[in-house]
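Structure file query.csv; described as CSV, C-alpha atoms.
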```
chain,number,residue,atom,x,y,z
Q,7,MET,CA,-13.7,-7.4,-27.1
Q,8,SER,CA,-14.5,-9.7,-24.2
Q,9,LYS,CA,-16.4,-8.4,-21.2
Q,10,PRO,CA,-14.4,-7.7,-18.0
Q,11,THR,CA,-15.0,-10.3,-15.3
Q,12,ILE,CA,-15.8,-9.2,-11.8
Q,13,LEU,CA,-15.8,-11.3,-8.7
Q,14,LEU,CA,-18.6,-10.1,-6.5
Q,15,ALA,CA,-18.4,-11.6,-3.0
Q,16,ASP,CA,-21.0,-10.9,-0.4
Q,17,ASN,CA,-22.8,-13.2,2.1
Q,18,ASP,CA,-26.2,-11.4,1.6
Q,19,PRO,CA,-27.9,-13.3,-1.2
Q,20,ASP,CA,-30.4,-10.5,-2.0
Q,21,PHE,CA,-27.5,-8.0,-2.5
Q,22,LEU,CA,-25.6,-10.6,-4.5
Q,23,THR,CA,-28.6,-11.1,-6.9
Q,24,THR,CA,-29.5,-7.5,-7.4
Q,25,THR,CA,-25.9,-6.3,-7.8
Q,26,THR,CA,-25.1,-9.1,-10.2
Q,27,ASP,CA,-28.1,-8.3,-12.3
Q,28,PHE,CA,-27.1,-4.6,-12.3
Q,29,LEU,CA,-23.5,-5.3,-13.3
Q,30,LYS,CA,-24.5,-7.7,-16.0
Q,31,GLU,CA,-26.8,-5.0,-17.5
Q,32,GLU,CA,-23.9,-2.7,-17.4
Q,33,GLY,CA,-21.9,-5.1,-19.6
Q,34,PHE,CA,-19.8,-7.1,-17.1
Q,35,GLU,CA,-19.4,-10.8,-16.6
Q,36,VAL,CA,-20.0,-11.5,-12.9
Q,37,VAL,CA,-18.7,-14.4,-10.9
Q,38,THR,CA,-20.2,-14.6,-7.4
Q,39,ALA,CA,-19.1,-15.9,-4.0
Q,40,SER,CA,-21.0,-16.0,-0.7
Q,41,ASN,CA,-18.1,-16.7,1.7
Q,42,PRO,CA,-14.3,-16.2,2.0
Q,43,THR,CA,-13.5,-19.8,1.0
Q,44,GLU,CA,-15.5,-19.6,-2.2
Q,45,ALA,CA,-14.1,-16.1,-3.0
Q,46,ARG,CA,-10.5,-17.4,-2.4
Q,47,ARG,CA,-11.1,-20.4,-4.7
Q,48,LYS,CA,-12.5,-18.3,-7.5
Q,49,LEU,CA,-9.7,-15.8,-7.2
Q,50,GLU,CA,-7.2,-18.6,-7.4
Q,51,GLN,CA,-8.9,-20.1,-10.4
Q,52,GLY,CA,-8.0,-16.9,-12.3
Q,53,GLY,CA,-9.7,-15.0,-15.1
Q,54,ILE,CA,-10.9,-12.3,-12.7
Q,55,ASP,CA,-10.3,-8.7,-13.7
Q,56,LEU,CA,-11.5,-7.0,-10.6
Q,57,ALA,CA,-12.8,-8.2,-7.2
Q,58,VAL,CA,-15.5,-6.5,-5.2
Q,59,LEU,CA,-15.4,-7.9,-1.7
Q,60,ASP,CA,-17.7,-7.2,1.2
Q,61,ILE,CA,-15.8,-6.6,4.4
Q,62,ARG,CA,-18.1,-8.7,6.6
Q,63,LEU,CA,-18.1,-11.7,4.4
Q,64,THR,CA,-19.0,-14.3,7.0
Q,65,LYS,CA,-21.4,-12.8,9.6
Q,66,ASP,CA,-23.3,-9.7,8.9
Q,67,ASN,CA,-24.2,-9.1,12.5
Q,68,ASP,CA,-20.7,-9.6,13.8
Q,69,GLU,CA,-18.9,-6.3,13.9
Q,70,ARG,CA,-15.5,-8.1,14.4
Q,71,ASP,CA,-15.9,-9.9,11.1
Q,72,ILE,CA,-13.5,-8.5,8.6
Q,73,SER,CA,-13.0,-11.7,6.6
Q,74,GLY,CA,-13.4,-9.9,3.2
Q,75,LEU,CA,-10.7,-7.4,4.2
Q,76,LEU,CA,-8.4,-10.2,5.4
Q,77,LEU,CA,-8.8,-12.0,2.1
Q,78,ALA,CA,-7.9,-8.8,0.2
Q,79,LYS,CA,-4.8,-8.5,2.4
Q,80,GLU,CA,-3.8,-12.0,1.9
Q,81,PHE,CA,-3.9,-11.6,-1.9
Q,82,ALA,CA,-2.0,-8.3,-1.8
Q,83,GLU,CA,0.7,-9.9,0.3
Q,84,GLN,CA,1.1,-12.7,-2.2
Q,85,MET,CA,2.1,-10.2,-5.0
Q,86,PRO,CA,5.8,-10.3,-5.9
Q,87,LEU,CA,8.1,-7.6,-4.6
Q,88,VAL,CA,10.3,-7.8,-7.6
Q,89,VAL,CA,9.6,-6.7,-11.1
Q,90,THR,CA,7.8,-9.4,-13.1
Q,91,SER,CA,6.5,-9.2,-16.6
Q,92,ASN,CA,3.2,-10.9,-15.6
Q,93,PHE,CA,2.5,-8.6,-12.7
Q,94,LEU,CA,-0.8,-7.4,-14.2
Q,95,GLU,CA,-1.9,-10.9,-14.9
Q,96,GLN,CA,-1.4,-11.8,-11.3
Q,97,TRP,CA,-2.8,-8.6,-9.8
Q,98,VAL,CA,-6.5,-8.5,-9.2
Q,99,PRO,CA,-7.4,-5.0,-8.0
Q,100,THR,CA,-10.0,-5.0,-5.2
Q,101,ILE,CA,-12.7,-2.7,-4.2
Q,102,MET,CA,-13.9,-3.1,-0.6
Q,103,LEU,CA,-17.6,-2.8,0.0
Q,104,THR,CA,-19.4,-2.5,3.3
Q,105,SER,CA,-22.7,-1.5,5.0
Q,106,TYR,CA,-20.7,-0.4,8.0
Q,107,PRO,CA,-18.0,2.1,6.9
Q,108,THR,CA,-15.5,3.2,9.5
Q,109,TYR,CA,-12.3,5.2,9.1
Q,110,GLU,CA,-10.4,2.3,10.7
Q,111,ASN,CA,-11.6,0.0,8.0
Q,112,VAL,CA,-10.8,2.5,5.3
Q,113,ARG,CA,-7.3,2.7,6.7
Q,114,GLU,CA,-6.9,-1.0,6.8
Q,115,ALA,CA,-8.1,-1.3,3.2
Q,116,LEU,CA,-6.4,1.6,1.5
Q,117,ALA,CA,-3.1,2.1,3.4
Q,118,PRO,CA,-0.1,0.5,1.9
Q,119,MET,CA,1.2,-2.6,3.7
Q,120,VAL,CA,4.8,-3.6,4.1
Q,121,GLY,CA,5.7,-4.3,0.5
Q,122,GLY,CA,3.8,-1.3,-0.8
Q,123,LEU,CA,0.5,-2.5,-2.2
Q,124,SER,CA,-2.7,-1.7,-0.4
Q,125,PRO,CA,-5.2,-4.5,0.1
Q,126,ALA,CA,-7.8,-2.5,-2.0
Q,127,VAL,CA,-7.7,0.3,-4.5
Q,128,ASN,CA,-11.0,1.8,-3.4
Q,129,PHE,CA,-13.6,1.6,-0.6
Q,130,ILE,CA,-17.3,2.0,-1.3
Q,131,ALA,CA,-20.1,2.1,1.3
Q,132,LYS,CA,-23.3,0.3,0.1
Q,133,ALA,CA,-25.3,3.3,1.1
Q,134,GLU,CA,-23.5,5.3,-1.7
Q,135,GLY,CA,-25.5,3.2,-4.1
Q,136,GLN,CA,-25.0,1.0,-7.2
Q,137,GLU,CA,-23.9,4.0,-9.3
Q,138,ALA,CA,-21.0,4.8,-7.0
Q,139,LEU,CA,-19.9,1.2,-7.2
Q,140,LEU,CA,-20.2,1.2,-11.0
Q,141,ARG,CA,-18.1,4.4,-11.2
Q,142,ALA,CA,-15.5,2.9,-9.0
Q,143,ILE,CA,-15.4,-0.3,-11.1
Q,144,LYS,CA,-15.1,1.5,-14.4
Q,145,LYS,CA,-12.4,3.8,-13.1
Q,146,VAL,CA,-10.2,0.8,-11.9
Q,147,LEU,CA,-10.7,-1.1,-15.1
Q,148,GLU,CA,-9.8,2.0,-17.2
Q,149,GLU,CA,-6.6,2.6,-15.1
Q,150,LYS,CA,-5.4,-1.0,-14.9
Q,151,PRO,CA,-4.1,-1.4,-18.4
Q,152,ALA,CA,-2.3,1.9,-18.2
Q,153,ILE,CA,-0.3,0.9,-15.2
Q,154,SER,CA,3.2,0.0,-16.2
Q,155,PRO,CA,4.2,-3.1,-14.2
Q,156,PRO,CA,7.9,-2.2,-13.7
Q,157,SER,CA,7.2,1.4,-12.6
Q,158,ARG,CA,4.3,0.3,-10.4
Q,159,VAL,CA,6.2,-2.5,-8.7
Q,160,LEU,CA,9.4,-0.4,-8.4
Q,161,GLY,CA,7.3,2.2,-6.8
Q,162,ARG,CA,6.5,-0.2,-4.1
Q,163,LEU,CA,10.1,-0.8,-3.2
Q,164,ASN,CA,12.3,1.3,-1.0
Q,165,THR,CA,15.9,2.1,-1.9
Q,166,GLU,CA,17.3,-0.8,0.0
Q,167,GLN,CA,14.9,-3.2,-1.7
Q,168,ARG,CA,15.7,-1.8,-5.1
Q,169,LEU,CA,19.4,-2.5,-4.5
Q,170,ARG,CA,18.9,-6.0,-3.4
Q,171,PRO,CA,18.9,-7.7,-6.8
Q,172,THR,CA,22.1,-5.8,-7.7
Q,173,ILE,CA,23.8,-6.8,-4.5
Q,174,ALA,CA,22.8,-10.4,-5.0
Q,175,LEU,CA,24.1,-10.4,-8.6
Q,176,LEU,CA,27.5,-9.0,-7.4
Q,177,PHE,CA,27.8,-11.8,-4.9
Q,178,LEU,CA,26.8,-14.4,-7.5
Q,179,PHE,CA,29.4,-12.9,-9.8
Q,180,GLY,CA,31.9,-13.4,-7.0
Q,181,ALA,CA,30.9,-17.0,-6.6
Q,182,VAL,CA,31.3,-17.7,-10.3
Q,183,LEU,CA,34.7,-15.9,-10.4
Q,184,SER,CA,35.9,-18.0,-7.4
Q,185,ALA,CA,34.9,-21.2,-9.2
Q,186,VAL,CA,36.7,-20.1,-12.4
Q,187,ILE,CA,39.9,-19.2,-10.5
Q,188,ALA,CA,39.8,-22.5,-8.7
Q,189,VAL,CA,39.6,-24.4,-12.0
Q,190,VAL,CA,42.2,-22.3,-13.8
Q,191,ALA,CA,44.7,-22.5,-10.9
Q,192,SER,CA,44.3,-26.2,-10.5
Q,193,ASP,CA,46.0,-25.9,-7.2
Q,194,PRO,CA,44.4,-27.7,-4.2
Q,195,ARG,CA,45.1,-24.7,-1.9
Q,196,TRP,CA,43.4,-22.3,-4.4
Q,197,LEU,CA,40.6,-24.8,-4.9
Q,198,VAL,CA,39.8,-25.0,-1.2
Q,199,GLY,CA,40.1,-21.3,-0.6
Q,200,THR,CA,38.1,-20.1,-3.6
Q,201,THR,CA,35.5,-22.8,-3.3
Q,202,ALA,CA,34.9,-21.7,0.3
Q,203,LEU,CA,34.7,-18.1,-0.8
Q,204,GLY,CA,32.3,-19.1,-3.7
Q,205,ILE,CA,30.0,-20.9,-1.3
Q,206,LEU,CA,30.1,-17.9,1.1
Q,207,TYR,CA,29.3,-15.5,-1.8
Q,208,ALA,CA,26.4,-17.8,-3.0
Q,209,ILE,CA,25.0,-17.9,0.6
Q,210,VAL,CA,25.1,-14.1,0.9
Q,211,ALA,CA,23.5,-13.7,-2.5
Q,212,TRP,CA,20.7,-16.1,-1.5
Q,213,VAL,CA,20.1,-14.4,1.8
Q,214,THR,CA,20.0,-10.9,0.1
Q,215,VAL,CA,17.2,-11.7,-2.2
Q,216,GLN,CA,15.1,-13.3,0.5
K,2,MET,CA,19.8,7.4,13.2
K,3,LYS,CA,17.4,10.2,14.1
K,4,ALA,CA,14.4,10.6,11.9
K,5,SER,CA,13.3,13.9,10.5
K,6,PHE,CA,9.6,15.0,10.6
K,7,LEU,CA,7.7,17.8,9.1
K,8,LEU,CA,4.4,19.0,10.5
K,9,VAL,CA,2.2,21.0,8.2
K,10,GLY,CA,-0.3,22.8,10.4
K,11,ASP,CA,-0.4,25.6,12.9
K,12,PRO,CA,3.0,25.8,14.5
K,13,GLN,CA,1.5,27.6,17.5
K,14,SER,CA,-1.2,25.1,18.3
K,15,SER,CA,-1.0,23.1,21.5
K,16,TRP,CA,-1.2,19.9,19.5
K,17,SER,CA,1.9,20.9,17.4
K,18,LEU,CA,3.8,21.3,20.6
K,19,THR,CA,2.5,18.0,22.0
K,20,LEU,CA,3.6,16.3,18.8
K,21,ALA,CA,7.1,18.0,19.0
K,22,ARG,CA,7.5,16.7,22.6
K,23,SER,CA,6.2,13.3,21.7
K,24,LEU,CA,8.6,12.8,18.7
K,25,ALA,CA,11.7,14.3,20.4
K,26,PRO,CA,13.1,10.8,21.2
K,27,LEU,CA,12.7,9.7,17.6
K,28,GLY,CA,14.1,12.7,15.9
K,29,GLN,CA,13.6,16.3,14.9
K,30,LEU,CA,10.2,17.8,14.1
K,31,GLN,CA,10.0,20.9,12.0
K,32,LEU,CA,6.8,22.9,12.2
K,33,ILE,CA,5.6,24.9,9.2
K,34,ASP,CA,2.4,26.3,7.8
K,35,GLU,CA,0.9,25.4,4.5
K,36,LYS,CA,2.5,28.2,2.5
K,37,GLU,CA,6.0,26.9,3.2
K,38,VAL,CA,5.4,23.3,2.1
K,39,ASN,CA,6.7,23.4,-1.5
K,40,GLN,CA,9.9,25.1,-0.5
K,41,LYS,CA,10.6,22.8,2.5
K,42,VAL,CA,10.0,19.5,0.7
K,43,LEU,CA,12.3,20.5,-2.1
K,44,GLN,CA,15.1,21.7,0.3
K,45,ARG,CA,15.5,18.4,2.1
K,46,HIS,CA,14.2,14.9,2.6
K,47,TYR,CA,11.8,14.2,5.5
K,48,ASP,CA,11.2,10.7,6.8
K,49,LEU,CA,7.6,11.6,7.5
K,50,ILE,CA,5.3,14.5,6.7
K,51,ILE,CA,2.4,14.9,9.1
K,52,VAL,CA,-0.5,17.0,7.9
K,53,ASP,CA,-2.8,18.6,10.4
K,54,ALA,CA,-6.3,18.3,8.8
K,55,ALA,CA,-7.7,21.0,11.1
K,56,ILE,CA,-6.2,23.8,9.1
K,57,VAL,CA,-5.0,22.4,5.8
K,58,LYS,CA,-6.9,21.3,2.7
K,59,VAL,CA,-5.6,17.8,2.8
K,60,VAL,CA,-6.1,16.4,-0.7
K,61,PRO,CA,-4.7,19.3,-2.7
K,62,LEU,CA,-1.7,19.4,-0.3
K,63,ILE,CA,-1.0,15.7,-0.6
K,64,LYS,CA,-1.1,15.9,-4.4
K,65,ARG,CA,1.1,19.0,-4.4
K,66,VAL,CA,3.7,17.4,-2.2
K,67,LEU,CA,3.7,14.2,-4.1
K,68,ALA,CA,4.0,16.0,-7.4
K,69,TYR,CA,7.3,17.6,-6.2
K,70,THR,CA,8.5,14.6,-4.2
K,71,PRO,CA,6.9,11.3,-5.2
K,72,GLU,CA,8.9,9.5,-2.5
K,73,ALA,CA,7.3,11.6,0.3
K,74,ARG,CA,5.4,9.7,3.0
K,75,ILE,CA,2.5,11.6,4.3
K,76,VAL,CA,0.3,10.9,7.3
K,77,VAL,CA,-2.9,12.9,7.9
K,78,ALA,CA,-3.8,13.7,11.5
K,79,THR,CA,-7.3,14.8,12.4
K,80,LEU,CA,-9.4,15.5,15.5
K,81,SER,CA,-12.6,14.2,13.8
K,82,PRO,CA,-11.9,11.3,11.6
K,83,THR,CA,-14.5,10.2,9.1
K,84,TRP,CA,-14.4,7.3,6.7
K,85,GLN,CA,-15.0,9.6,3.7
K,86,ARG,CA,-12.1,11.8,4.5
K,87,ALA,CA,-9.9,8.8,5.2
K,88,ARG,CA,-10.7,7.5,1.8
K,89,GLU,CA,-9.9,10.8,0.1
K,90,ALA,CA,-6.6,11.1,1.9
K,91,LEU,CA,-5.4,7.6,1.3
K,92,ARG,CA,-6.5,7.5,-2.3
K,93,ALA,CA,-4.7,10.8,-2.8
K,94,GLY,CA,-1.5,9.0,-1.7
K,95,ALA,CA,-1.2,9.4,2.1
K,96,ILE,CA,0.2,6.3,3.8
K,97,GLY,CA,-1.8,6.9,7.0
K,98,TYR,CA,-4.8,8.6,8.5
K,99,ILE,CA,-4.7,9.0,12.3
K,100,HIS,CA,-6.7,10.4,15.1
K,101,ARG,CA,-5.0,13.4,16.7
K,102,LEU,CA,-4.1,11.7,19.9
K,103,GLN,CA,-3.1,13.8,22.9
K,104,ASN,CA,-1.2,11.1,24.8
K,105,GLU,CA,2.4,11.6,23.9
K,106,GLU,CA,3.5,8.0,24.3
K,107,GLU,CA,0.6,6.7,22.2
K,108,LEU,CA,1.3,9.3,19.6
K,109,ARG,CA,4.9,8.4,19.4
K,110,SER,CA,4.2,4.7,19.0
K,111,THR,CA,1.6,5.4,16.3
K,112,ILE,CA,4.0,7.6,14.3
K,113,LYS,CA,6.9,5.2,14.8
K,114,GLN,CA,4.9,2.5,12.8
K,115,PHE,CA,4.8,4.8,9.8
K,116,LEU,CA,8.6,5.1,9.6
K,117,GLN,CA,8.7,1.5,8.4
K,118,LYS,CA,5.9,1.9,5.9
K,119,PRO,CA,6.6,2.3,2.2
K,120,GLN,CA,5.2,5.0,0.0
K,121,SER,CA,1.7,4.5,-1.2
K,122,ASN,CA,0.7,3.5,-4.7
K,123,ASN,CA,-2.7,5.0,-4.4
K,124,GLN,CA,-1.9,8.3,-6.1
K,125,GLU,CA,-5.0,8.5,-8.1
K,126,GLU,CA,-7.6,11.1,-8.9
K,127,VAL,CA,-10.2,11.1,-6.1
```
How does the structure come out when it is put into structure tokens?
Amino acid sequence: MSKPTILLADNDPDFLTTTTDFLKEEGFEVVTASNPTEARRKLEQGGIDLAVLDIRLTKDNDERDISGLLLAKEFAEQMPLVVTSNFLEQWVPTIMLTSYPTYENVREALAPMVGGLSPAVNFIAKAEGQEALLRAIKKVLEEKPAISPPSRVLGRLNTEQRLRPTIALLFLFGAVLSAVIAVVASDPRWLVGTTALGILYAIVAWVTVQ
Amino acid sequence: MKASFLLVGDPQSSWSLTLARSLAPLGQLQLIDEKEVNQKVLQRHYDLIIVDAAIVKVVPLIKRVLAYTPEARIVVATLSPTWQRAREALRAGAIGYIHRLQNEEELRSTIKQFLQKPQSNNQEEV
């Protein structure tokens, strides 16, 4: 069985080296990044099973720096809202890591966003130690394959969102039916009326799924 | 349409009354203590359940409510927020963790934001 690959992103080179060594000893492949751009690129390249992102990924002494958290948000927002069979391949669970834990940052990291996914699945303070990080990583990797994509993604949708594909399909059906009637009737008046109706149905269907 | 809120905490506390006044323009707030939770959440749907961390063991309560009603949206309110408790609550499945504000207008605007939020997926063992 191949080793799970972890993206470890932190702008502190010493932390990056010691944590990488530790995780490799524990049996993981580790890909590192020292800034948001590098982390984004490596996430986009794929092949990452889990990301561990430092919150202050740009400037350690700038308390307004939440670039790691913003990156996690960006990736969570990109996840599809509708059920897709490759959800798990696209989804990289993220653990936020920080030396400066605050409840506001925890809230930003773990509370669900519009769409339902939270930017991160866990939040670890560096002061909790490497073992705490290791436990969190193992737990996420154990749980990830057990997550059923449809139920997980459907869980993110509210009732209105769940009904959208059905509504869109009904309108598309209306559009197709209009076209069939127009062809069968072969009457210019029917043709104009049903074509207009078909276009209207198609527009509503398109707007609904947006 | 008016929203329905449930506050699990001390119905007699001054903050409960502040919250009730604050949410009055948005909808109706029902105040109950911890013992009544199971029965209430099964009886009807609430748009938001607010849990007062001062008198309630938050994590077991969140898990219990979500076990009965997985669609429930729970916000934890506390006088002394900490990042560890925020982590516990949000990982247990709460959608929010807020400071127990006293200003009615601020409180209303904070709570209003949660009415738009979906249910959390973080219902994991803590």
Q.
List the spatial neighbours of K:Asp48 as a list in words - criterion: any atom at most 10 Å away, only C-alpha atoms, same-chain residues fewer than 5 positions off excluded.
A. Lys3, Ala4, Ser5, Phe6, Leu7, Gly28, Glu72, Ala73, Arg74, Ile75, Phe115, Leu116 and Gln117 of chain K
Distance-based interface of chain Q with chain K, 6 Å, counting only C-alpha atoms, as a PDB file with C-alpha atoms, in the coordinates of the input:
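Result went into iface.pdb, see below:
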```pdb
ATOM      1  CA  THR Q 108     -15.500   3.200   9.500  1.00  0.00           C
ATOM      2  CA  TYR Q 109     -12.300   5.200   9.100  1.00  0.00           C
ATOM      3  CA  ALA Q 117      -3.100   2.100   3.400  1.00  0.00           C
ATOM      4  CA  PRO Q 118      -0.100   0.500   1.900  1.00  0.00           C
ATOM      5  CA  VAL Q 120       4.800  -3.600   4.100  1.00  0.00           C
ATOM      6  CA  GLY Q 122       3.800  -1.300  -0.800  1.00  0.00           C
TER       7      GLY Q 122
END
```
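Closest approach to K:Leu108 from the set K:Thr70, K:Ser81, K:Ser23, K:Gln40 is made by K:Ser23, with distances taken over all atoms listed in the file.
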(Q) Tell me which residues come within 9 Å of (-18.2, -6.4, -9.1), as a count of residues only, counting only C-alpha atoms in the file's coordinates. (A) 21
Q.
Neighbouring residues of Q:Ile205 were defined as those with any atom within 12 Å, considering all atoms listed in the file; residues of the same chain fewer than 3 positions away were excluded. Please report them as a list in words.
A. Phe177, Leu178, Phe179, Gly180, Ala181, Val182, Leu183, Ser184, Ala185, Leu197, Val198, Gly199, Thr200, Thr201, Ala202, Ala208, Ile209, Val210, Ala211 and Trp212 of chain Q
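Here atom CA of Q:Glu44 stands at a distance of 10.6 Å from atom CA of Q:Asn17.
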Q: Rounded to one decimal place, report the atom CA of K:Trp16-atom CA of K:Glu37 distance in Å.
A: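 Distance between the two atoms: 19.1 Å.
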Q. Could you tell me, as a list in words, which residues have any atom at most 6 Å from (-8.8, 2.5, -7.6), counting only C-alpha atoms?
A.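 Checked against the point, the hits come out as Val127, Asn128 and Val146 of chain Q.
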Q) What is the distance, in Å and to one decimal place, between atom CA of K:Val76 and atom CA of K:Ile50? A) 6.2 Å
Enclose the full set of atoms of stretch 57-68 of chain Q listed in the file within a box whose edges lie along x, y and z, apply 8 Å of padding to each of the six sides, and report centre and edge lengths in Å to one decimal as AutoDock Vina command-line options.
```
--center_x -18.5 --center_y -10.4 --center_z 3.3 --size_x 27.4 --size_y 23.8 --size_z 37.0
```
**Q.** Neighbour list for stretch 78-81 of chain Q as a PyMOL selection string, cut-off 10 Å, all atoms listed in the file, skip fewer than 5 positions in-chain
**A.** chain Q and resi 42+46+49-50+57-61+73+96-102+114-115+119+123-126
With C-alpha atoms retained, could you export that selection as an mmCIF file, in the frame of the given file?
```cif
data_model
loop_
_atom_site.group_PDB
_atom_site.id
_atom_site.type_symbol
_atom_site.label_atom_id
_atom_site.label_comp_id
_atom_site.auth_asym_id
_atom_site.auth_seq_id
_atom_site.Cartn_x
_atom_site.Cartn_y
_atom_site.Cartn_z
ATOM 1 C CA PRO Q 42 -14.300 -16.200 2.000
ATOM 2 C CA ARG Q 46 -10.500 -17.400 -2.400
ATOM 3 C CA LEU Q 49 -9.700 -15.800 -7.200
ATOM 4 C CA GLU Q 50 -7.200 -18.600 -7.400
ATOM 5 C CA ALA Q 57 -12.800 -8.200 -7.200
ATOM 6 C CA VAL Q 58 -15.500 -6.500 -5.200
ATOM 7 C CA LEU Q 59 -15.400 -7.900 -1.700
ATOM 8 C CA ASP Q 60 -17.700 -7.200 1.200
ATOM 9 C CA ILE Q 61 -15.800 -6.600 4.400
ATOM 10 C CA SER Q 73 -13.000 -11.700 6.600
ATOM 11 C CA GLN Q 96 -1.400 -11.800 -11.300
ATOM 12 C CA TRP Q 97 -2.800 -8.600 -9.800
ATOM 13 C CA VAL Q 98 -6.500 -8.500 -9.200
ATOM 14 C CA PRO Q 99 -7.400 -5.000 -8.000
ATOM 15 C CA THR Q 100 -10.000 -5.000 -5.200
ATOM 16 C CA ILE Q 101 -12.700 -2.700 -4.200
ATOM 17 C CA MET Q 102 -13.900 -3.100 -0.600
ATOM 18 C CA GLU Q 114 -6.900 -1.000 6.800
ATOM 19 C CA ALA Q 115 -8.100 -1.300 3.200
ATOM 20 C CA MET Q 119 1.200 -2.600 3.700
ATOM 21 C CA LEU Q 123 0.500 -2.500 -2.200
ATOM 22 C CA SER Q 124 -2.700 -1.700 -0.400
ATOM 23 C CA PRO Q 125 -5.200 -4.500 0.100
ATOM 24 C CA ALA Q 126 -7.800 -2.500 -2.000
#
```
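Between K:Tyr47 and the residues K:Ala78, K:Asn104, K:Gln31, K:Ser15, the shortest atom-to-atom distance, using all atoms listed in the file, involves K:Gln31.
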Q. So which one's closest to K:Ile112, K:Pro61, K:Pro26, K:Ala68, K:Leu80? Using only C-alpha atoms, please.
A. K:Pro26
